[in-house]
Each structure stands twice: as structure tokens, then as C-alpha cells.
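Have a look at final28.txt; it's compact mmCIF, C-alpha atoms:
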# COMPACT_ATOMS: atom_id res chain seq x y z
CA MET H 1 -2.41 -16.31 14.47
CA ASN H 2 -5.82 -15.89 16.06
CA THR H 3 -7.05 -13.65 13.23
CA TRP H 4 -6.14 -16.31 10.64
CA ARG H 5 -8.21 -18.90 12.53
CA GLN H 6 -11.17 -16.50 12.70
CA THR H 7 -10.98 -15.65 9.00
CA SER H 8 -13.42 -17.34 6.64
CA PRO H 9 -12.18 -19.72 3.89
CA THR H 10 -12.74 -16.98 1.33
CA GLY H 11 -10.75 -14.52 3.43
CA ARG H 12 -7.90 -17.00 3.74
CA ALA H 13 -7.92 -17.57 -0.01
CA LEU H 14 -7.70 -13.82 -0.52
CA LEU H 15 -4.74 -13.55 1.87
CA VAL H 16 -2.97 -16.29 -0.08
CA THR H 17 -3.78 -14.28 -3.21
CA VAL H 18 -2.12 -11.24 -1.64
CA LEU H 19 0.98 -13.32 -0.91
CA LEU H 20 1.28 -14.88 -4.38
CA THR H 21 0.47 -11.75 -6.37
CA GLY H 22 2.94 -9.80 -4.23
CA LEU H 23 5.59 -12.44 -4.80
CA THR H 24 5.19 -12.47 -8.59
CA THR H 25 4.81 -8.69 -8.80
CA PHE H 26 8.13 -8.16 -7.05
CA MET H 27 9.75 -10.85 -9.18
CA PHE H 28 8.65 -8.82 -12.20
CA LEU H 29 8.84 -5.17 -11.14
CA PRO H 30 12.53 -4.71 -10.19
CA LEU H 31 13.64 -6.38 -13.44
CA LEU H 32 11.22 -4.64 -15.81
CA ALA H 33 13.57 -1.75 -16.63
CA VAL H 34 16.50 -4.15 -17.00
CA HIS H 35 14.54 -6.30 -19.45
CA LEU H 36 13.32 -3.36 -21.51
CA SER H 37 16.83 -1.93 -21.74
CA SER H 38 18.24 -5.30 -22.80
CA GLU H 39 15.66 -5.39 -25.60
CA GLY H 40 17.01 -2.11 -26.97
CA VAL H 41 14.24 0.15 -25.66
CA PRO H 42 15.62 3.73 -25.31
CA ALA H 43 16.18 4.96 -21.76
CA GLY H 44 13.55 7.69 -22.12
CA ARG H 45 10.89 5.19 -23.14
CA VAL H 46 11.92 2.83 -20.34
CA GLY H 47 11.34 5.63 -17.83
CA PHE H 48 7.98 6.40 -19.41
CA LEU H 49 6.84 2.78 -19.24
CA VAL H 50 7.89 2.34 -15.61
CA GLY H 51 6.14 5.61 -14.73
CA LEU H 52 3.04 4.51 -16.66
CA LEU H 53 2.88 1.33 -14.58
CA ALA H 54 2.97 3.33 -11.35
CA PHE H 55 0.33 5.76 -12.65
CA CYS H 56 -2.05 3.03 -13.82
CA SER H 57 -1.62 1.20 -10.50
CA GLN H 58 -2.89 4.21 -8.51
CA GLY H 59 -4.31 6.80 -10.88
CA PHE H 60 -7.60 4.98 -11.44
CA SER H 61 -8.21 4.14 -7.78
CA LEU H 62 -11.40 6.17 -7.39
CA LEU H 63 -12.91 4.68 -10.52
CA CYS H 64 -11.83 1.18 -9.48
CA GLY H 65 -13.40 1.71 -6.05
CA LEU H 66 -16.70 2.67 -7.66
CA VAL H 67 -16.51 -0.42 -9.87
CA VAL H 68 -15.96 -2.65 -6.82
CA ASP H 69 -19.02 -1.20 -5.07
CA ARG H 70 -21.14 -1.41 -8.22
CA PHE H 71 -20.31 -4.91 -9.49
CA GLY H 72 -19.03 -6.71 -6.38
CA THR H 73 -15.67 -8.20 -5.52
CA ARG H 74 -16.03 -11.44 -7.50
CA ALA H 75 -16.61 -9.76 -10.86
CA VAL H 76 -13.86 -7.24 -10.19
CA LEU H 77 -11.41 -9.98 -9.18
CA ALA H 78 -12.10 -11.79 -12.45
CA SER H 79 -11.59 -8.57 -14.42
CA GLY H 80 -8.38 -7.74 -12.55
CA PHE H 81 -6.91 -11.19 -13.10
CA GLY H 82 -7.93 -11.08 -16.77
CA LEU H 83 -6.30 -7.70 -17.34
CA ARG H 84 -3.09 -8.72 -15.63
CA ILE H 85 -2.83 -11.99 -17.54
CA ALA H 86 -3.39 -10.12 -20.81
CA GLY H 87 -0.82 -7.50 -19.85
CA TYR H 88 1.88 -10.04 -19.03
CA ALA H 89 1.13 -11.88 -22.28
CA LEU H 90 1.45 -8.65 -24.29
CA LEU H 91 4.84 -7.93 -22.73
CA GLY H 92 5.92 -11.44 -23.57
CA ALA H 93 4.84 -10.93 -27.18
CA GLY H 94 7.29 -8.07 -27.68
CA THR H 95 8.42 -4.62 -26.64
CA ALA H 96 7.07 -2.66 -29.61
CA SER H 97 5.76 0.71 -28.49
CA ALA H 98 2.00 0.09 -28.72
CA THR H 99 2.26 -3.47 -27.38
CA ALA H 100 4.37 -2.46 -24.40
CA VAL H 101 2.10 0.49 -23.52
CA ALA H 102 -1.02 -1.68 -23.70
CA GLY H 103 0.61 -4.43 -21.63
CA ILE H 104 1.89 -2.05 -18.95
CA ALA H 105 -1.48 -0.27 -18.70
CA ALA H 106 -3.34 -3.60 -18.38
CA ILE H 107 -1.00 -4.80 -15.62
CA GLY H 108 -1.34 -1.53 -13.68
CA ILE H 109 -5.12 -1.18 -13.93
CA GLY H 110 -5.60 -4.90 -13.27
CA GLY H 111 -3.47 -4.61 -10.15
CA SER H 112 -5.53 -1.66 -8.93
CA LEU H 113 -8.76 -3.63 -9.40
CA LEU H 114 -7.31 -6.67 -7.60
CA GLY H 115 -5.94 -4.67 -4.71
CA LEU H 116 -9.14 -2.76 -3.99
CA ALA H 117 -11.37 -5.82 -4.44
CA VAL H 118 -9.26 -7.90 -2.04
CA LYS H 119 -8.99 -5.14 0.56
CA THR H 120 -12.73 -4.37 0.38
CA ARG H 121 -13.61 -8.01 0.97
CA LEU H 122 -11.08 -8.48 3.76
CA VAL H 123 -12.31 -5.54 5.87
CA ALA H 124 -15.83 -7.00 5.59
CA GLU H 125 -14.87 -10.21 7.41
CA ASP H 126 -17.49 -11.07 10.06
CA GLY H 127 -16.26 -10.92 13.63
CA VAL H 128 -12.73 -9.73 12.77
CA PRO H 129 -11.73 -6.07 13.27
CA ALA H 130 -10.75 -4.25 10.09
CA ARG H 131 -7.47 -3.22 11.77
CA ASP H 132 -6.46 -6.85 12.29
CA MET H 133 -7.28 -7.82 8.72
CA LEU H 134 -5.36 -4.85 7.31
CA ALA H 135 -2.34 -5.71 9.46
CA LEU H 136 -2.46 -9.36 8.37
CA ARG H 137 -2.77 -8.30 4.73
CA SER H 138 0.25 -6.02 5.09
CA THR H 139 2.25 -8.90 6.56
CA PHE H 140 1.48 -11.09 3.54
CA VAL H 141 2.31 -8.23 1.14
CA ASN H 142 5.71 -7.72 2.73
CA ILE H 143 6.59 -11.39 2.51
CA GLY H 144 6.27 -10.94 -1.25
CA VAL H 145 8.26 -7.71 -1.13
CA ILE H 146 11.15 -9.52 0.58
CA ALA H 147 11.13 -12.83 -1.28
CA GLY H 148 10.02 -11.63 -4.74
CA PRO H 149 13.18 -9.78 -5.82
CA ALA H 150 15.42 -12.63 -4.65
CA LEU H 151 13.32 -15.20 -6.52
CA GLY H 152 13.27 -12.98 -9.60
CA ALA H 153 17.07 -12.70 -9.52
CA LEU H 154 17.31 -16.50 -9.46
CA VAL H 155 14.92 -16.98 -12.39
CA TYR H 156 16.07 -14.06 -14.57
CA PRO H 157 19.18 -15.83 -15.97
CA LEU H 158 16.77 -18.33 -17.58
CA GLY H 159 15.04 -15.45 -19.36
CA PHE H 160 12.48 -12.78 -18.51
CA GLY H 161 9.85 -14.90 -20.23
CA TRP H 162 10.00 -17.39 -17.37
CA ILE H 163 9.10 -14.64 -14.91
CA LEU H 164 6.18 -13.58 -17.11
CA ALA H 165 5.09 -17.23 -17.36
CA ALA H 166 5.14 -17.54 -13.56
CA CYS H 167 2.99 -14.40 -13.28
CA ILE H 168 0.47 -15.66 -15.86
CA LEU H 169 0.22 -19.17 -14.37
CA SER H 170 -0.18 -17.97 -10.78
CA HIS H 171 -2.83 -15.41 -11.75
CA LEU H 172 -4.72 -17.97 -13.83
CA LEU H 173 -4.81 -20.51 -10.98
CA LEU H 174 -5.84 -17.84 -8.46
CA ALA H 175 -8.59 -16.60 -10.77
CA ILE H 176 -10.00 -20.11 -11.11
CA ARG H 177 -9.80 -20.65 -7.34
CA LEU H 178 -11.53 -17.39 -6.41
CA THR H 179 -14.09 -16.85 -9.15
CA LEU H 180 -15.41 -20.41 -9.46
CA ARG H 181 -15.86 -21.11 -5.73
CA PRO H 182 -19.44 -20.87 -4.34
CA ALA H 183 -20.46 -17.32 -3.53
CA ALA H 184 -20.09 -16.37 0.12
CA ALA H 185 -23.02 -14.92 1.96
CA ALA H 186 -23.20 -11.17 1.72
CA THR H 187 -21.76 -9.40 4.71
CA ALA H 188 -22.89 -6.21 6.30
CA PRO H 189 -20.46 -3.33 6.64
CA PRO H 190 -17.72 -4.16 9.17
CA GLN H 191 -18.05 -2.94 12.73
CA PRO H 192 -15.07 -0.96 14.10
CA ASP H 193 -14.76 -3.13 17.23
CA GLY H 194 -14.90 -6.37 15.30
CA GLY H 195 -18.24 -7.34 16.87
CA PRO H 196 -21.13 -8.89 14.99
CA ALA H 197 -22.07 -6.84 11.97
CA ALA H 198 -25.32 -4.99 12.37
CA PRO H 199 -27.81 -4.61 9.52
CA ALA H 200 -26.84 -1.60 7.45
CA PRO H 201 -29.20 1.33 7.91
CA ALA H 202 -30.16 3.41 4.96
CA ALA H 203 -27.46 5.85 3.94
CA PRO H 204 -28.30 9.50 4.53
CA ALA H 205 -29.46 11.43 1.55
CA ALA H 206 -26.74 13.16 -0.41
CA ALA H 207 -28.59 16.45 -0.05
CA ASP H 208 -28.64 16.32 3.77
CA PRO H 209 -26.60 19.39 4.84
CA ALA H 210 -25.58 17.82 8.15
CA ALA H 211 -24.29 14.70 6.40
CA ARG H 212 -22.35 16.85 3.95
CA ARG H 213 -20.73 18.88 6.71
CA ARG H 214 -19.81 15.73 8.61
CA ALA H 215 -18.31 14.20 5.47
CA VAL H 216 -16.22 17.31 4.80
CA ARG H 217 -14.97 17.43 8.42
CA GLN H 218 -13.88 13.80 8.20
CA TRP H 219 -12.61 13.45 4.65
CA VAL H 220 -10.69 16.68 4.03
CA PRO H 221 -8.18 16.21 6.88
CA LEU H 222 -8.06 12.45 6.26
CA CYS H 223 -7.12 12.90 2.60
CA LEU H 224 -4.58 15.61 3.49
CA VAL H 225 -2.96 13.30 6.03
CA GLY H 226 -2.94 10.52 3.41
CA VAL H 227 -1.19 12.78 0.90
CA ALA H 228 1.35 13.77 3.58
CA PHE H 229 2.12 10.14 4.45
CA TRP H 230 2.83 9.08 0.89
CA ALA H 231 4.80 12.26 0.20
CA LEU H 232 7.01 11.41 3.18
CA TYR H 233 7.21 7.72 2.32
CA SER H 234 8.26 8.49 -1.27
CA GLN H 235 11.49 9.98 0.06
CA LEU H 236 12.64 6.40 0.70
CA ASN H 237 12.78 6.08 -3.09
CA VAL H 238 13.99 9.59 -3.96
CA ILE H 239 16.23 11.23 -1.37
CA LEU H 240 17.32 8.33 0.82
CA PRO H 241 19.00 6.16 -1.88
CA ILE H 242 21.27 9.04 -2.88
CA ARG H 243 22.06 10.15 0.67
CA ALA H 244 22.52 6.55 1.85
CA LYS H 245 25.19 6.00 -0.79
CA GLU H 246 26.92 9.24 0.25
CA MET H 247 26.75 8.28 3.93
CA THR H 248 28.08 4.73 3.53
CA GLY H 249 29.91 4.70 0.21
CA SER H 250 27.90 1.63 -0.81
CA THR H 251 25.22 1.35 -3.49
CA ALA H 252 23.78 -1.60 -1.52
CA ALA H 253 22.90 0.60 1.46
CA ILE H 254 19.34 1.33 0.35
CA SER H 255 18.75 -2.39 -0.35
CA VAL H 256 19.75 -3.16 3.22
CA VAL H 257 17.30 -0.52 4.48
CA PHE H 258 14.41 -2.02 2.50
CA THR H 259 15.28 -5.59 3.48
CA VAL H 260 15.39 -4.77 7.19
CA ASN H 261 12.22 -2.69 6.80
CA GLY H 262 10.35 -5.56 5.18
CA LEU H 263 11.50 -8.09 7.78
CA LEU H 264 10.42 -5.84 10.65
CA VAL H 265 6.98 -5.34 9.10
CA VAL H 266 6.51 -9.08 8.62
CA LEU H 267 7.64 -9.88 12.16
CA LEU H 268 6.10 -7.03 14.15
CA GLN H 269 3.19 -5.23 12.47
CA TYR H 270 0.46 -7.73 13.25
CA THR H 271 1.60 -8.04 16.88
CA LEU H 272 1.78 -4.26 17.32
CA LEU H 273 -1.69 -3.56 15.96
CA ARG H 274 -3.36 -6.69 17.35
CA HIS H 275 -1.93 -6.55 20.87
CA VAL H 276 0.24 -3.53 21.77
CA PHE H 277 -1.95 -0.81 20.23
CA ARG H 278 -5.24 -2.68 20.23
CA GLN H 279 -7.06 -0.09 22.40
CA ALA H 280 -5.56 2.95 20.67
CA THR H 281 -7.72 4.95 18.28
CA ALA H 282 -6.61 5.29 14.67
CA ARG H 283 -6.02 9.01 15.28
CA THR H 284 -3.57 8.21 18.07
CA LEU H 285 -1.72 5.75 15.82
CA LEU H 286 -1.45 8.40 13.11
CA VAL H 287 0.01 10.96 15.51
CA VAL H 288 2.53 8.46 16.91
CA GLY H 289 3.39 7.29 13.41
CA PHE H 290 4.17 10.76 12.06
CA LEU H 291 6.23 11.59 15.14
CA ALA H 292 8.18 8.38 14.46
CA PHE H 293 8.81 9.68 10.93
CA ALA H 294 10.15 12.91 12.44
CA ALA H 295 12.37 11.00 14.87
CA ALA H 296 13.75 8.79 12.07
CA TYR H 297 14.91 11.70 9.93
CA ALA H 298 16.07 13.70 12.98
CA LEU H 299 18.49 10.85 13.75
CA LEU H 300 20.21 11.44 10.42
CA ILE H 301 21.20 14.98 11.42
CA PRO H 302 23.83 14.12 14.09
CA LEU H 303 24.67 10.58 12.90
CA ALA H 304 26.45 9.31 9.80
CA GLY H 305 27.46 6.04 8.16
CA TRP H 306 25.88 2.64 8.66
CA SER H 307 25.01 3.41 12.29
CA ALA H 308 22.78 6.26 11.09
CA LEU H 309 20.92 4.03 8.62
CA LEU H 310 20.40 1.25 11.12
CA ALA H 311 19.12 3.72 13.70
CA PHE H 312 16.90 5.29 11.01
CA VAL H 313 15.20 2.11 9.85
CA LEU H 314 13.57 1.28 13.21
CA PRO H 315 11.43 4.44 13.69
CA VAL H 316 10.68 4.78 9.96
CA THR H 317 9.37 1.20 9.92
CA LEU H 318 7.29 1.92 13.03
CA ALA H 319 5.79 4.90 11.19
CA GLU H 320 4.89 2.75 8.19
CA MET H 321 3.39 -0.01 10.35
CA LEU H 322 1.14 2.41 12.25
CA ILE H 323 0.10 4.90 9.57
CA ALA H 324 -0.72 2.83 6.48
CA PRO H 325 -3.38 0.52 8.04
CA SER H 326 -4.73 3.36 10.21
CA LEU H 327 -5.51 5.46 7.14
CA ASP H 328 -7.44 2.59 5.56
CA GLU H 329 -9.19 1.87 8.86
CA GLN H 330 -10.37 5.46 9.16
CA ALA H 331 -11.45 5.49 5.52
CA VAL H 332 -13.57 2.37 6.04
CA GLN H 333 -15.19 3.89 9.12
CA ALA H 334 -15.82 7.27 7.50
CA GLY H 335 -16.95 6.00 4.10
CA PRO H 336 -20.57 5.92 3.02
CA LEU H 337 -22.36 2.73 3.99
CA GLY H 338 -22.08 0.20 1.21
CA ARG H 339 -19.26 2.19 -0.41
CA THR H 340 -16.18 0.60 1.14
CA GLY H 341 -14.54 0.31 -2.28
CA LEU H 342 -15.01 4.02 -2.90
CA ALA H 343 -13.56 4.89 0.52
CA LEU H 344 -10.47 2.73 0.01
CA GLY H 345 -10.15 4.02 -3.54
CA ALA H 346 -10.14 7.58 -2.23
CA MET H 347 -7.25 6.78 0.11
CA SER H 348 -5.36 5.09 -2.71
CA ALA H 349 -5.92 8.17 -4.89
CA ALA H 350 -4.56 10.34 -2.07
CA GLY H 351 -1.54 8.04 -2.10
CA ALA H 352 -1.06 8.61 -5.83
CA VAL H 353 -1.17 12.38 -5.35
CA GLY H 354 1.18 12.20 -2.37
CA SER H 355 3.69 9.98 -4.19
CA LEU H 356 3.80 12.29 -7.20
CA LEU H 357 4.02 15.40 -5.04
CA GLY H 358 6.63 13.88 -2.74
CA SER H 359 8.82 12.66 -5.59
CA SER H 360 8.75 16.07 -7.24
CA LEU H 361 9.48 17.95 -4.02
CA GLY H 362 12.19 15.44 -3.07
CA GLY H 363 14.00 16.12 -6.32
CA PHE H 364 13.61 19.86 -5.74
CA LEU H 365 15.12 19.55 -2.25
CA LEU H 366 18.08 17.61 -3.61
CA GLN H 367 18.74 20.35 -6.17
CA THR H 368 18.32 23.33 -3.85
CA LEU H 369 19.56 22.07 -0.45
CA HIS H 370 22.92 20.49 -1.04
CA THR H 371 23.55 19.57 2.60
CA GLY H 372 21.85 16.60 4.21
CA THR H 373 21.01 18.56 7.36
CA GLY H 374 18.78 21.05 5.52
CA ILE H 375 16.88 18.26 3.76
CA TRP H 376 16.37 16.30 6.97
CA LEU H 377 15.11 19.41 8.79
CA VAL H 378 12.48 20.04 6.10
CA ILE H 379 11.26 16.43 6.29
CA VAL H 380 11.16 16.56 10.11
CA ALA H 381 9.09 19.75 9.95
CA VAL H 382 6.63 18.21 7.47
CA SER H 383 6.32 15.10 9.67
CA VAL H 384 5.53 17.17 12.77
CA ALA H 385 2.99 19.21 10.79
CA ALA H 386 1.33 15.98 9.62
CA ALA H 387 1.16 14.75 13.22
CA ALA H 388 -0.52 18.01 14.22
CA SER H 389 -2.94 17.73 11.28
CA SER H 390 -3.91 14.24 12.45
CA LEU H 391 -5.32 15.85 15.59
CA LEU H 392 -7.99 17.44 13.36
CA LEU H 393 -9.50 14.01 12.84
CA PRO H 394 -12.29 12.96 15.22
CA LYS H 395 -10.92 11.45 18.43
CA ALA H 396 -13.75 8.94 18.69
CA ARG H 397 -14.53 6.25 16.14
CA MET H 398 -15.64 7.89 12.92
CA GLN H 399 -19.25 7.91 11.81
CA HIS H 400 -20.18 6.67 8.36
CA ALA H 401 -20.55 9.79 6.23

Do you think you could lay out the structure here as C-alpha cells?
Amino acid sequence: MNTWRQTSPTGRALLVTVLLTGLTTFMFLPLLAVHLSSEGVPAGRVGFLVGLLAFCSQGFSLLCGLVVDRFGTRAVLASGFGLRIAGYALLGAGTASATAVAGIAAIGIGGSLLGLAVKTRLVAEDGVPARDMLALRSTFVNIGVIAGPALGALVYPLGFGWILAACILSHLLLAIRLTLRPAAAATAPPQPDGGPAAPAPAAPAAADPAARRRAVRQWVPLCLVGVAFWALYSQLNVILPIRAKEMTGSTAAISVVFTVNGLLVVLLQYTLLRHVFRQATARTLLVVGFLAFAAAYALLIPLAGWSALLAFVLPVTLAEMLIAPSLDEQAVQAGPLGRTGLALGAMSAAGAVGSLLGSSLGGFLLQTLHTGTGIWLVIVAVSVAAAASSLLLPKARMQHA
């Protein structure tokens, strides 16, 4: 890959970090509830702990973004690795209530710090467009998403402690590799076209009315679109598993959807964003992505069975590949100069709100609309509305607010 060759040694190390942390996370995450249940933890507490992990992974995004901007990526990486190692160790020590809560919280917050620190540093790569780095990062994440559960299933018969040990060892080695290497030269804020980074001008004063109005015009629709994306994406975990089982009669149907989805992202996302859509603005990618969401769910109205799911997975994966990196790209461009961590943290916080809202509304739709057609029509309408809302974003490259 041309982007890999252009990436600095530090950037490559961070991409390897994305791969390995994704791999161990998805060895651990799918089996967490199984392990807790096998240890005699009541079902209600298991649900609370799994929910706590999701909340801690996203709920502190704004604060973590501020921390990244204030203390720099190296210090935050060290803190994130330290918290995650401590969290895994606490879970290995036992599943008592206080110990499990502390361990889960440390893993979630540590993951949030790691994710934002890595992403902030990657989009600051000299001479490489932020879009290309975000696409490459997503490719490495999805390799972990695909391989992690399979590897976890192979190791789990030996004991959950072996999975925790793999997480601790990999995080310890990565921490040593990244925090003890010589500091890289500071980079200026990334340029949208991937050209040489220009010296950062002074940020406009917070009291400047024009700057405030520009920030509101850029950030309000951007955050709303971010909430809409994650609300729609959450239906893959709420509505689709239930409907997929009803459509096919197989509990493995949703696993097939996610496996095919992950493979398509790994194989196609970088090529799509690097070559096919290279000249398209992020706003255009958002509009096309949400329309792909609408098309995916519209296909489920006339079709049924495995053919419906296989037809569904192609446009829904296209939507994911276009929307997720485009939101981060626009956030980086619109964020205050020198506050890339805050900008990415804001988008992650919008994702947390959207996931919670989407999960709640998805459950409500399942209870109130008992036919699949009604549910799919609602999701199609929301997708089209999100595509229209994306047109409120500036057509040209965003200005730093």
C-alpha cells in the first residue's frame, strides 16, 4: 500500500498497535459475558458490567480528547496501556462486585484513551491525507474484528485467564515499544489535501462572534449526522439479529453478516477511499453513505431468507466504509487548531449518544411494530433524512473553527 510506505515509523507502529489491540479486544469481548456467567455472576450483573464497558469506552470521549490535546499522545498512550493492563489484571484476580466494576471501568477508559491518542497521531502524519490514514486504520481494526473472536474461541477452552494473559502481555510490549522510543518531531495540524503541513496560525479568540457562528454552523449538523449514523448502525446489534433469525431460521445468520461485513471492509475500504472516491468531498461521501443505508434496509422489504441478508450486507457495508471515516475527517478539518483530540472526542461522544439512542429506539420499534416491513420503512426514512441533513454541511473543505 502506498500510504503504508509513506507513513512514518511511529505511524506504522501505531497501526500495528491498532491491529494487536483490536485482535486481543475481540478475543476478550465476545467471551466476557460467558466467563462472568460461568463464574456464577447473576445475569442482571453481567448485563450491567457489559453495559458499563461500552459506556466507559465512549462516555468519556470528550474528556479523553481534552487530555490528549493537553498532555500529548505519548503520555496518554502510556496511561491508556496502564489502565488496560490494570483492568485485565483485576478481572483475572476475581469477579467480586467491586473488583469487576473497577476492572471493567479501567479497560473501557483505557481503551478510549488509546483509541483517541492513536487516531489523533495518525491524522497528523506529514504528507499523508487524513482520509487515507483513517481508512488504513479501519482496515487494521477490522482484521482484529474478524480474527479476534475465532482466536478467542480457540484459546477459551484452556481458560479465560489465558485470554487475559494475552491481553496483558500484548499491551505491555506495545507500551514499551511506543513510550520508550525517541520522541518524533512535532507535526503541524494535517492539511486536508495531504500536502506539506503549514505552520499553524494562531487560533481565533473564543469571543470572536464570527468564529462562534462558523463553529455552530459546522458542528451542530456534523454532530447530528454523527448521532444519526451510530443510531442506524446500532440496529445491526438490536433489530437485525432478531429479524435475521426469523428470516433464515438460523441463529448463525447474524454472525455470517458480520463476517462478510468485516471481510469487505478489510478488502475494499482503503481502495474505495484512496482511489475510487479520492476526489469526492466528505459531504458527498456522507450523502452516498446514508443513501446506501436506505437502500440496504429497503432491500429487506421485498426479499426474504438468506438472499435478503446477502443482498443487504453489500450496501450496508458500503455505508459503513464511507460514513465512519468521513465523519472523523470532517471533525479534524472543523476542529480548533491544535485541538484534534477534542474534535475526534466530540465525534466519539456523538457516537455514544447515537448508540444509546438507537438501541433504545430499536427496542421500541421491535415492541410496537411487529412486522418487519414497518420497521424497515422507519429505518429507510431515517437514513434518507440523515442524507438530507448531510447537505447542511459545507460543500467545500471545512475551515478550522

**Study point:** Point (8.9, -16.8, -15.6), cut-off 12 Å, counting all atoms listed in the file, residues as a PyMOL selection string
**Key:** chain H and resi 24-25+27-28+31+88-89+92+151-170

For the selection you just gave me, I'd like the residues written to a file as a CSV table (one decimal), in the coordinates of the input, keeping C-alpha atoms.
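Final output, saved to selection05.csv:
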chain,number,residue,atom,x,y,z
H,24,THR,CA,5.2,-12.5,-8.6
H,25,THR,CA,4.8,-8.7,-8.8
H,27,MET,CA,9.8,-10.8,-9.2
H,28,PHE,CA,8.6,-8.8,-12.2
H,31,LEU,CA,13.6,-6.4,-13.4
H,88,TYR,CA,1.9,-10.0,-19.0
H,89,ALA,CA,1.1,-11.9,-22.3
H,92,GLY,CA,5.9,-11.4,-23.6
H,151,LEU,CA,13.3,-15.2,-6.5
H,152,GLY,CA,13.3,-13.0,-9.6
H,153,ALA,CA,17.1,-12.7,-9.5
H,154,LEU,CA,17.3,-16.5,-9.5
H,155,VAL,CA,14.9,-17.0,-12.4
H,156,TYR,CA,16.1,-14.1,-14.6
H,157,PRO,CA,19.2,-15.8,-16.0
H,158,LEU,CA,16.8,-18.3,-17.6
H,159,GLY,CA,15.0,-15.4,-19.4
H,160,PHE,CA,12.5,-12.8,-18.5
H,161,GLY,CA,9.8,-14.9,-20.2
H,162,TRP,CA,10.0,-17.4,-17.4
H,163,ILE,CA,9.1,-14.6,-14.9
H,164,LEU,CA,6.2,-13.6,-17.1
H,165,ALA,CA,5.1,-17.2,-17.4
H,166,ALA,CA,5.1,-17.5,-13.6
H,167,CYS,CA,3.0,-14.4,-13.3
H,168,ILE,CA,0.5,-15.7,-15.9
H,169,LEU,CA,0.2,-19.2,-14.4
H,170,SER,CA,-0.2,-18.0,-10.8

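In terms of minimum interatomic distance to Gly59 of chain H, H:Ser112 ranks closest within H:Ser112, H:Thr179, H:Thr7, H:Gln333, counting all atoms listed in the file.
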
Review point. Between H:Leu20, H:Leu327, H:Leu391, H:Ala96, which one has atoms that come closest to Leu172 of chain H, using all atoms listed in the file?
Key: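 So, comparing all the options, the nearest one is H:Leu20.
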
Point to revise | Residue list as JSON, numbers by chain for point (11.8, 7.2, -3.3), cut-off 12 Å, all atoms listed in the file | key: {"H": [230, 231, 232, 233, 234, 235, 236, 237, 238, 239, 240, 241, 242, 243, 244, 254, 258, 354, 355, 356, 357, 358, 359, 360, 361, 362, 363]}

Check your understanding: Of the candidates H:Ser138, H:Ser326, H:Gln279, H:Thr271, which shows the shortest atom-to-atom distance to Val16 of chain H, using only C-alpha atoms?
Key -> H:Ser138
